[in-house]
Amino acid sequence: MIIANPIYDVVFKYLLEDVEIARELLSTILGEEIVSLAVKPQETTTENTVASVSILRFDFKAVLKTKSGEHKKALIELQKAKKVFDVMRFRRYLGDNYRKEDDILDQNGVPQKTPLPIVTIYFLGFPLDNIKSAVVKINREYRDVITQEILEVKEDFAELLTHDSYLIQLKLLVGKSRTKLEKVLQVFSPEYKTSDNHQVNFKGDLNEPLVKKIVARLERAMASEEIREKMDVEDEIDRIFERELAKLAMEKDKIIAAKDQALEAERQKAEIERQKAETERQKAEVLLKELAELRKQMKNKDQS
């Protein structure tokens, strides 16, 4: 089945603008039921020395249903990046959410401005150096440092100062799907790519209801001329990025080569100086031997 490639920012954004799909996708990633979801997409483009690099960012305000049946509010920050770059850019966006507050009813039913817990989800279009799993959760635990006992508690103070994170490495989404999450994320798998980067030939499990919804929306995206034009723009930006990156690499290689050449010149100069000093030393040794021999001859002559 031919669908629009969700790796493109414009397609990914179009996909998650369907709030119901976003709610079900996030619920599947978190493993928790999301009762309601409000979304405010923000695309942030940051300039660097190579080219303009964009992080596609979504801020969600969610109401989650816990295992005990309790409802709780949380902020879910989703960021997607195709290219690897300075991690500080991710941190800056996260810092924005730590400053946000929301109305929470106190014990008397009076709304109070309160910061919300945060969960971050990162869709990465590049591989990480040390993590070889496609989907990883980095979560928190409460541990007594003295006894090393895991504490089965939650404390608002700690919850609001820390957060769970999910890392999804899109290029590693290959192979057999074993869980619902894997079946859903197969939509992003590189194994379905075609000669046309704008589209993929999806052959995943359409019996999964959420997958069916996602594929249907991505079919509509493929039919949109506006979306296809924006994919062309992304392609051009990527080409500029790669060209500038290659140019930067060449300049870096030239600088390294010049430094290596200078070091080699210094090494050769030092070697010449060493050889010159060695020659002078050898000459001095010869002169000393000649002087010693001359003294010996003069001594023998005096004795005779």
# chains A, B, ... in the order shown; residues from 1 in each chain; ligands from 1
>>> residues_around(residues="Leu206 (chain A)", least_positions_apart="6", cutoff="9 Å", atoms="only C-alpha atoms", output="PyMOL selection string")
chain A and resi 183+212+215
>>> closest_atom_pairs(of="region 152-235 of chain A", to="region 65-85 of chain A", cutoff="12 Å", atoms="only C-alpha atoms", output="JSON lines")
{"residue": "A:Asp156", "atom": "CA", "partner": "A:Lys72", "partner_atom": "CA", "distance": 11.9}
{"residue": "A:Glu159", "atom": "CA", "partner": "A:Ala74", "partner_atom": "CA", "distance": 10.7}
{"residue": "A:Leu160", "atom": "CA", "partner": "A:Ala74", "partner_atom": "CA", "distance": 10.1}
{"residue": "A:His163", "atom": "CA", "partner": "A:Ile76", "partner_atom": "CA", "distance": 10.1}
{"residue": "A:Asp164", "atom": "CA", "partner": "A:Ile76", "partner_atom": "CA", "distance": 10.0}
{"residue": "A:Ser165", "atom": "CA", "partner": "A:Glu77", "partner_atom": "CA", "distance": 9.5}
{"residue": "A:Tyr166", "atom": "CA", "partner": "A:Leu78", "partner_atom": "CA", "distance": 9.3}
{"residue": "A:Leu167", "atom": "CA", "partner": "A:Gln79", "partner_atom": "CA", "distance": 10.0}
{"residue": "A:Ile168", "atom": "CA", "partner": "A:Lys80", "partner_atom": "CA", "distance": 9.4}
{"residue": "A:Gln169", "atom": "CA", "partner": "A:Lys82", "partner_atom": "CA", "distance": 10.2}
{"residue": "A:Leu170", "atom": "CA", "partner": "A:Lys82", "partner_atom": "CA", "distance": 9.3}
{"residue": "A:Lys171", "atom": "CA", "partner": "A:Lys82", "partner_atom": "CA", "distance": 10.3}
{"residue": "A:Glu234", "atom": "CA", "partner": "A:Lys82", "partner_atom": "CA", "distance": 10.8}
{"residue": "A:Asp235", "atom": "CA", "partner": "A:Lys82", "partner_atom": "CA", "distance": 11.8}
>>> atom_distance(atom1="CA of Glu251 (chain A)", atom2="CA of Lys269 (chain A)")
26.7 Å
>>> residues_around(residues="Gln186 (chain A)", least_positions_apart="6", cutoff="8 Å", atoms="only C-alpha atoms", output="compact mmCIF listing (two decimals) with all heavy atoms, in the first residue's frame")
# COMPACT_ATOMS: atom_id res chain seq x y z
N LEU A 173 13.67 0.60 13.31
CA LEU A 173 12.34 -0.01 13.33
C LEU A 173 12.22 -1.01 12.17
O LEU A 173 11.48 -0.81 11.22
CB LEU A 173 11.26 1.06 13.23
CG LEU A 173 11.16 2.02 14.42
CD1 LEU A 173 10.22 3.17 14.11
CD2 LEU A 173 10.69 1.28 15.68
N VAL A 174 12.95 -2.09 12.29
CA VAL A 174 12.95 -3.11 11.24
C VAL A 174 12.74 -4.48 11.87
O VAL A 174 12.94 -4.66 13.07
CB VAL A 174 14.28 -3.10 10.44
CG1 VAL A 174 14.45 -1.80 9.68
CG2 VAL A 174 15.47 -3.31 11.38
N SER A 177 7.34 -7.65 14.00
CA SER A 177 6.62 -6.90 15.03
C SER A 177 6.05 -7.87 16.06
O SER A 177 5.29 -8.77 15.72
CB SER A 177 5.48 -6.08 14.41
OG SER A 177 6.00 -5.15 13.48
N GLY A 204 2.77 -3.55 6.48
CA GLY A 204 2.60 -3.95 7.86
C GLY A 204 1.22 -4.52 8.14
O GLY A 204 0.45 -4.83 7.23
>>> select_by_dssp(residues="region 112-259 of chain A", states="strand (DSSP E or B)", output="PyMOL selection string")
chain A and resi 112-115+118-124+135-138+142-143+150-151+164-169+193+199-201
>>> atom_distance(atom1="CA of Ala134 (chain A)", atom2="CA of Glu244 (chain A)")
29.3 Å
>>> atom_distance(atom1="CA of Ala223 (chain A)", atom2="CA of Ile3 (chain A)")
8.9 Å
